[in-house]
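Visitor: Could you have a look at this structure, given as structure tokens, before my questions?
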Amino acid sequence: MQRPNEAERLAFGVLKSDRGNALAAQILGRALLMQNRADEAIAPLERAARRSDDPQLETLLAGALAAIGRGDEALDRLRRTIARRPPFPPAFLEYAGQLGKIGRVDEAIAVLESGLALTPEAVDLRTELGYLHVKRNDRAKAREILSQQLAAAPERYDVLVGLAKVMALDGEYAAAADLYRRALGMRPDDAVTRNNLGICQLEMGEREAGEANLRTITRGAPQLAGLAITSLAAASHGRFFLRPSAAAKFLGVERT
């Protein structure tokens, strides 16, 4: 319900009377991570992990360690966690995600493939595998994986936007725009997806529609003006402004 501060308070209350409650520690850690307080999440997660063999606790702890710059420790923990049986798919996902962020994409792909060999029904692993192939610029493989995922789960938001990105990179702007519209039907406030739809529309020569979408993302969120201006300038049918004030005026952004 996106109320992490309340979850934090309740979980902390449970831990005061029952320090060994692993579920409460897990909820507290997750709530703190949602509030960008990873440094505070370390201690309760470490205490709970010492008392428990729960792979979910280990995975959360690894995420918190990575968030505060202790990446090597995080990777070590995840390496041990994915070796456990039965396999825990979120640990494979976290491990691959951390490897991908530091540019070790081939290793990340190998981790996901090993996880899928053990848990072939793990949809999240297969979707992330598609994203990593995009990052590797193997668009054919990414398209194959994400198309299969979309056929199996047509309402998955991450699959829709992932496949749309591949299509846009391949110059299939109309098909990409259709997928972005479907995604926005689920999450109309997603600024990045609306921005990407606007880019596709500009590339197709639909300037009014594209510019309207770029204006929409800056309405009430002027901090996104830079994203919109970059998108306008990069599109083949976009606009380029010599003065920031002119760009701000065009987007309807109040300058102070």
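Lettering and numbering for the structure tokens are positional, with chains as A, B, ... in the shown order, residues counted from 1 in each chain, and ligands counted from 1 in the shown order.
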Per DSSP on the backbone, filter range 161-235 of chain A down to the residues in alpha helix (DSSP H) and report them as number ranges by chain.

Guide: A: 161-169, 173-186, 191-203, 207-218, 225-234

Visitor: Using only C-alpha atoms, which protein or nucleic acid residues come within 10 Å of Ala140 in chain A? Drop anything in the same chain fewer than 5 positions from it, and give the result as an MDAnalysis selection string.

Guide: chainID A and resid 130 133:134 145 166 170

Visitor: Output N, CA, C and O atoms for every residue in the selection just made, as a PDB file, in the first residue's frame.

Guide:
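The resulting part.pdb:
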ATOM      1  N   GLY A 130      15.629 -10.873 -20.763  1.00  0.00           N
ATOM      2  CA  GLY A 130      15.358 -10.077 -21.955  1.00  0.00           C
ATOM      3  C   GLY A 130      15.945  -8.681 -21.849  1.00  0.00           C
ATOM      4  O   GLY A 130      16.565  -8.175 -22.794  1.00  0.00           O
ATOM      5  N   HIS A 133      19.680  -8.680 -22.379  1.00  0.00           N
ATOM      6  CA  HIS A 133      20.054  -8.798 -23.791  1.00  0.00           C
ATOM      7  C   HIS A 133      19.896  -7.460 -24.509  1.00  0.00           C
ATOM      8  O   HIS A 133      20.656  -7.165 -25.441  1.00  0.00           O
ATOM      9  N   VAL A 134      18.937  -6.629 -24.074  1.00  0.00           N
ATOM     10  CA  VAL A 134      18.849  -5.262 -24.606  1.00  0.00           C
ATOM     11  C   VAL A 134      20.108  -4.486 -24.237  1.00  0.00           C
ATOM     12  O   VAL A 134      20.714  -3.804 -25.081  1.00  0.00           O
ATOM     13  N   ILE A 145      12.795 -13.281 -26.489  1.00  0.00           N
ATOM     14  CA  ILE A 145      12.412 -13.576 -25.100  1.00  0.00           C
ATOM     15  C   ILE A 145      11.193 -12.762 -24.689  1.00  0.00           C
ATOM     16  O   ILE A 145      10.214 -13.302 -24.147  1.00  0.00           O
ATOM     17  N   VAL A 166      12.797  -2.378 -27.410  1.00  0.00           N
ATOM     18  CA  VAL A 166      13.481  -3.107 -28.482  1.00  0.00           C
ATOM     19  C   VAL A 166      12.958  -2.648 -29.838  1.00  0.00           C
ATOM     20  O   VAL A 166      13.735  -2.392 -30.772  1.00  0.00           O
ATOM     21  N   ASP A 170      14.872  -0.680 -32.973  1.00  0.00           N
ATOM     22  CA  ASP A 170      14.891  -1.228 -34.322  1.00  0.00           C
ATOM     23  C   ASP A 170      14.151  -0.343 -35.326  1.00  0.00           C
ATOM     24  O   ASP A 170      13.988  -0.727 -36.486  1.00  0.00           O
TER      25      ASP A 170
END

Visitor: May I have a table of the residues of range 179-213 of chain A lying at most 12 Å from range 223-241 of chain A, giving each one's closest pair of atoms and their distance in Å to one decimal, counting only C-alpha atoms, ordered by chain and ascending residue number, as a Markdown table?

Guide:
| residue | atom | partner | partner_atom | distance |
| --- | --- | --- | --- | --- |
| A:Asp190 | CA | A:Leu224 | CA | 11.7 |
| A:Ala191 | CA | A:Leu224 | CA | 8.3 |
| A:Val192 | CA | A:Leu227 | CA | 8.7 |
| A:Thr193 | CA | A:Leu227 | CA | 11.8 |
| A:Arg194 | CA | A:Ala228 | CA | 10.1 |
| A:Asn195 | CA | A:Ala228 | CA | 6.9 |
| A:Asn196 | CA | A:Ser231 | CA | 8.3 |
| A:Leu197 | CA | A:Ser231 | CA | 10.5 |
| A:Gly198 | CA | A:Ser231 | CA | 8.2 |
| A:Ile199 | CA | A:Ser231 | CA | 6.3 |
| A:Cys200 | CA | A:Ala235 | CA | 8.5 |
| A:Gln201 | CA | A:His237 | CA | 9.1 |
| A:Leu202 | CA | A:His237 | CA | 5.4 |
| A:Glu203 | CA | A:His237 | CA | 5.8 |
| A:Met204 | CA | A:His237 | CA | 7.9 |
| A:Gly205 | CA | A:His237 | CA | 6.0 |
| A:Glu206 | CA | A:His237 | CA | 8.5 |
| A:Arg207 | CA | A:His237 | CA | 7.0 |
| A:Glu208 | CA | A:Gly238 | CA | 10.3 |
| A:Ala209 | CA | A:Gly238 | CA | 11.7 |
| A:Gly210 | CA | A:Gly238 | CA | 8.8 |
| A:Glu211 | CA | A:Leu232 | CA | 7.8 |
| A:Ala212 | CA | A:Ala228 | CA | 10.7 |
| A:Asn213 | CA | A:Ala228 | CA | 9.2 |

Visitor: If I take CA of Gln35 in chain A and CA of Ala66 in chain A, how far is one from the other in Å, to one decimal?

Guide: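 Between these atoms lies a distance of 15.3 Å.
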
Visitor: Which value, in Å to one decimal, gives the distance between CA of Ser52 in chain A and CA of Ile82 in chain A?

Guide: 15.9 Å

Visitor: Between A:Lys165, A:Arg30, A:Arg215, A:Arg70, which is the closest to Gln56 in chain A once you count only C-alpha atoms?

Guide: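 Using only C-alpha atoms, the shortest distance to Gln56 in chain A belongs to A:Arg30.
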
Visitor: With distances taken over only C-alpha atoms, which of A:Gln98, A:Arg85, A:Glu40, A:Ala91 is nearest to Leu60 in chain A?

Guide: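 Nearest candidate to Leu60 in chain A out of A:Gln98, A:Arg85, A:Glu40, A:Ala91: A:Ala91.
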
Visitor: Between A:Asn137, A:Gly115, A:Glu155, A:Ala38, which is the closest to Ala83 in chain A once you count only C-alpha atoms?

Guide: A:Gly115

Visitor: What's the separation between CA of Thr119 in chain A and CA of Asn21 in chain A, in Å to one decimal place?

Guide: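 Taking CA of Thr119 in chain A and CA of Asn21 in chain A, their separation equals 28.7 Å.
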
Visitor: Can you pull out every residue within 12 Å of Gly103 in chain A, counting only C-alpha atoms, but drop anything in the same chain fewer than 6 positions away, and send it as a JSON list (two decimals) with all heavy atoms, in the first residue's frame?

Guide:
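The resulting file, around-v2.json, is shown below:
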[["chain", "number", "residue", "atom", "x", "y", "z"],
["A", 96, "ALA", "N", 21.88, -11.03, -10.44],
["A", 96, "ALA", "CA", 22.03, -10.61, -11.83],
["A", 96, "ALA", "C", 21.88, -9.10, -11.96],
["A", 96, "ALA", "O", 22.63, -8.45, -12.72],
["A", 96, "ALA", "CB", 21.01, -11.33, -12.71],
["A", 97, "GLY", "N", 20.93, -8.53, -11.23],
["A", 97, "GLY", "CA", 20.73, -7.08, -11.29],
["A", 97, "GLY", "C", 21.96, -6.31, -10.83],
["A", 97, "GLY", "O", 22.35, -5.32, -11.45],
["A", 109, "ILE", "N", 23.83, -12.58, -17.21],
["A", 109, "ILE", "CA", 23.04, -13.46, -18.08],
["A", 109, "ILE", "C", 23.24, -14.92, -17.67],
["A", 109, "ILE", "O", 22.28, -15.71, -17.59],
["A", 109, "ILE", "CB", 23.41, -13.23, -19.55],
["A", 109, "ILE", "CG1", 22.84, -11.87, -20.02],
["A", 109, "ILE", "CG2", 22.90, -14.36, -20.44],
["A", 109, "ILE", "CD1", 23.29, -11.45, -21.39],
["A", 132, "LEU", "N", 18.50, -7.74, -20.06],
["A", 132, "LEU", "CA", 19.96, -7.80, -20.14],
["A", 132, "LEU", "C", 20.44, -7.97, -21.57],
["A", 132, "LEU", "O", 21.48, -7.43, -21.96],
["A", 132, "LEU", "CB", 20.49, -8.92, -19.26],
["A", 132, "LEU", "CG", 20.50, -8.62, -17.76],
["A", 132, "LEU", "CD1", 20.86, -9.87, -16.97],
["A", 132, "LEU", "CD2", 21.47, -7.50, -17.43],
["A", 135, "LYS", "N", 20.51, -4.61, -22.99],
["A", 135, "LYS", "CA", 21.71, -3.91, -22.52],
["A", 135, "LYS", "C", 22.94, -4.37, -23.26],
["A", 135, "LYS", "O", 23.87, -3.60, -23.52],
["A", 135, "LYS", "CB", 21.88, -4.15, -21.01],
["A", 135, "LYS", "CG", 22.86, -3.23, -20.32],
["A", 135, "LYS", "CD", 22.73, -3.34, -18.82],
["A", 135, "LYS", "CE", 23.60, -2.30, -18.13],
["A", 135, "LYS", "NZ", 23.43, -2.33, -16.65],
["A", 136, "ARG", "N", 22.95, -5.63, -23.64],
["A", 136, "ARG", "CA", 24.07, -6.20, -24.40],
["A", 136, "ARG", "C", 23.97, -5.86, -25.89],
["A", 136, "ARG", "O", 24.86, -6.18, -26.67],
["A", 136, "ARG", "CB", 24.01, -7.72, -24.23],
["A", 136, "ARG", "CG", 25.24, -8.50, -24.57],
["A", 136, "ARG", "CD", 24.88, -9.97, -24.51],
["A", 136, "ARG", "NE", 26.02, -10.85, -24.45],
["A", 136, "ARG", "CZ", 25.93, -12.16, -24.51],
["A", 136, "ARG", "NH1", 24.74, -12.74, -24.60],
["A", 136, "ARG", "NH2", 27.01, -12.91, -24.47]]
